[in-house]
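Chemist: Below is the structure I would like to discuss, written out as structure tokens.
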Amino acid sequence: MADASKPNNKNNDITDNNRRKVLKNSVAVGGMAASASMPFWSKLAMGASETLVPFTDMPEGYTVPPVAPGGIHYLDTSKIDGFYTPNDDFYIIQHYNQPQIPENEFRLNLTGLVNKTLSLSLDDLRSHQKFEIDAGFECGGNSTRLYQGLIGNAHWGGVRLVDLLEEAGLDRDGVEVVFYGADKGMERTRSDVDFDVEQSFGRSMHIDDAENPDIILAYEMNGEPLPLFHGAPLRLVVPGWYGVANVKWLTQIHVQDSRYMGRFMGRDYVTLSKRDIGGEERWEERSVTRTQLKSSIIRVTENGNNHNIMGFVLNDGTPLRSVEVSIDGGAWQQAEMDSENSKYSWKLFNYTWRGASSGEHTIVSRVTDVTGQVQATQDEMPEKPTRWENYAQFPRTVMIG
Ligand SMILES: Nc1nc2c(c(=O)[nH]1)N[C@H]1C(S)=C(S)[C@@H](COP(=O)(O)O)O[C@H]1N2
Ligand SMILES: [Mo]
């Protein structure tokens, strides 16, 4: 596997239609050999001979609304046709506004328990050593109702967070690193306060997590300047964490000695689930942080007598042991992995389904990581009344003509 802790300087040859040159770098995922026999996308890319097979769990003619300023956007996952999500189709979620920050006014301030406060312009950031990494993520609120549409995978370019933390010099009392966006909203913060106060979008993490050398302050997305809707000019990307951690329109990083408790850490994006806490069964409230192990089928195509069943895996970066597909409740069959998959990218897989009979079929995938953790079925999921972290197996239905 590529060492994601080293700068990734591979050439980025994303083309308009987002098809990729293949077999460039054969990356195995956690010992699982990627198929090198047949280029992944040239096998799946919809050529003249290949047609999309409709899912019967999707309404006929399913389409997604176009990208609109201020709105949210999600993908029609059955139409994903490349390893990288194009910038103009990458899903969009923001909880306040989409602030437009003039480049010459932009500053990133690093404050709090540091030896030296930093205030950096975009040029200052660009003059730091550049770091590039592939990372895919999904919204912690992604759902089967959108056929998993709140997902994306991109190549990010920018500065390592750890380089700036080192430059500022961490004070020994620092415990928590808080990331503030420039977008703001009015919030009723406590049940015992009867007025709203203005708050910025904010997220935090323990200082040990913040020192992960793969975390990037990104000013580029897929080789282009970071687009407005994705947080221009600078956003945080925390590989292996849910989308909410990736603070857009990032303007301040603050190191403090106490727990940050803003809305998106302490009230929203909080999973309530029943868990064994040291032998006691308790209802636990937990911030949405690391991505839970998940796979899903998103696209089926027909090619002669064969069908290609394609899907994605997202997780926290733990290497995978297997991705399997089951048809109509039959035995689990190994899928092949895209050779472009890397530690924190989404991991695309394909299963070649031979001799499918006509009629409706149920197909489902499951992923297992090297620690032996297996993706749960819906029935095996912990009791979890909140809507965050939908990582259960997702059975789909297709009609074979
Ligand atoms: N400043 C700011 N950053 C934010 C948000 C936001 O509302 N404001 N939303 C978060 C959430 S919930 C998600 S899922 C991702 C979405 O990133 P994207 O719109 O680039 O896909 O951004 C995160 N970063
Ligand atoms: Mo999200």
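Each chain in the structure tokens gets a letter, A, B and so on, in the order shown; residues start at 1 in every chain, and ligands are counted from 1 in the order they appear.
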Write out as JSON, numbers by chain which residues come within 6 Å of Ala218 of chain A when counting only C-alpha atoms, dropping same-chain ones fewer than 4 positions away.
Modeler: {"A": [156, 157, 158, 234, 235]}
Chemist: Keeping only C-alpha atoms, write the selected residues as a compact mmCIF listing (two decimals), in the first residue's frame.
Modeler:
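Once written, again23.txt looks like this:
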# COMPACT_ATOMS: atom_id res chain seq x y z
CA TRP A 156 -6.75 17.27 -2.20
CA GLY A 157 -3.77 19.62 -2.23
CA GLY A 158 -2.62 21.98 0.50
CA LEU A 234 -9.31 26.78 2.56
CA ARG A 235 -10.86 23.76 4.24
Chemist: Report as a PyMOL selection string which protein, DNA and RNA residues come within 8 Å of ligand 1, using only C-alpha atoms and all ligand atoms.
Modeler: chain A and resi 72+90-98+138-141+150-152+180-183+200-202+229-231+235+242-250+269
Chemist: Take atom CA of Ile207 of chain A and atom CA of Thr291 of chain A and report the distance between them in Å, one decimal.
Modeler: 18.7 Å
Chemist: Please return as a VMD selection string: the residues of segment 183-327 of chain A that backbone DSSP assigns to helix (DSSP H, G or I).
Modeler: chain A and resid 207 to 210 228 to 230 243 to 245 263 to 267
Chemist: To one decimal place in Å, what is the distance between atom CA of Glu383 of chain A and atom CA of Ser273 of chain A?
Modeler: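 One can read the atom CA of Glu383 of chain A to atom CA of Ser273 of chain A distance as 5.6 Å.
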Chemist: Could you check which of A:Glu187, A:Asp88, A:Asp268, A:Asp173 is closest to ligand 2, using only C-alpha atoms and all ligand atoms?
Modeler: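 So, comparing all the options, the nearest one is A:Asp268.
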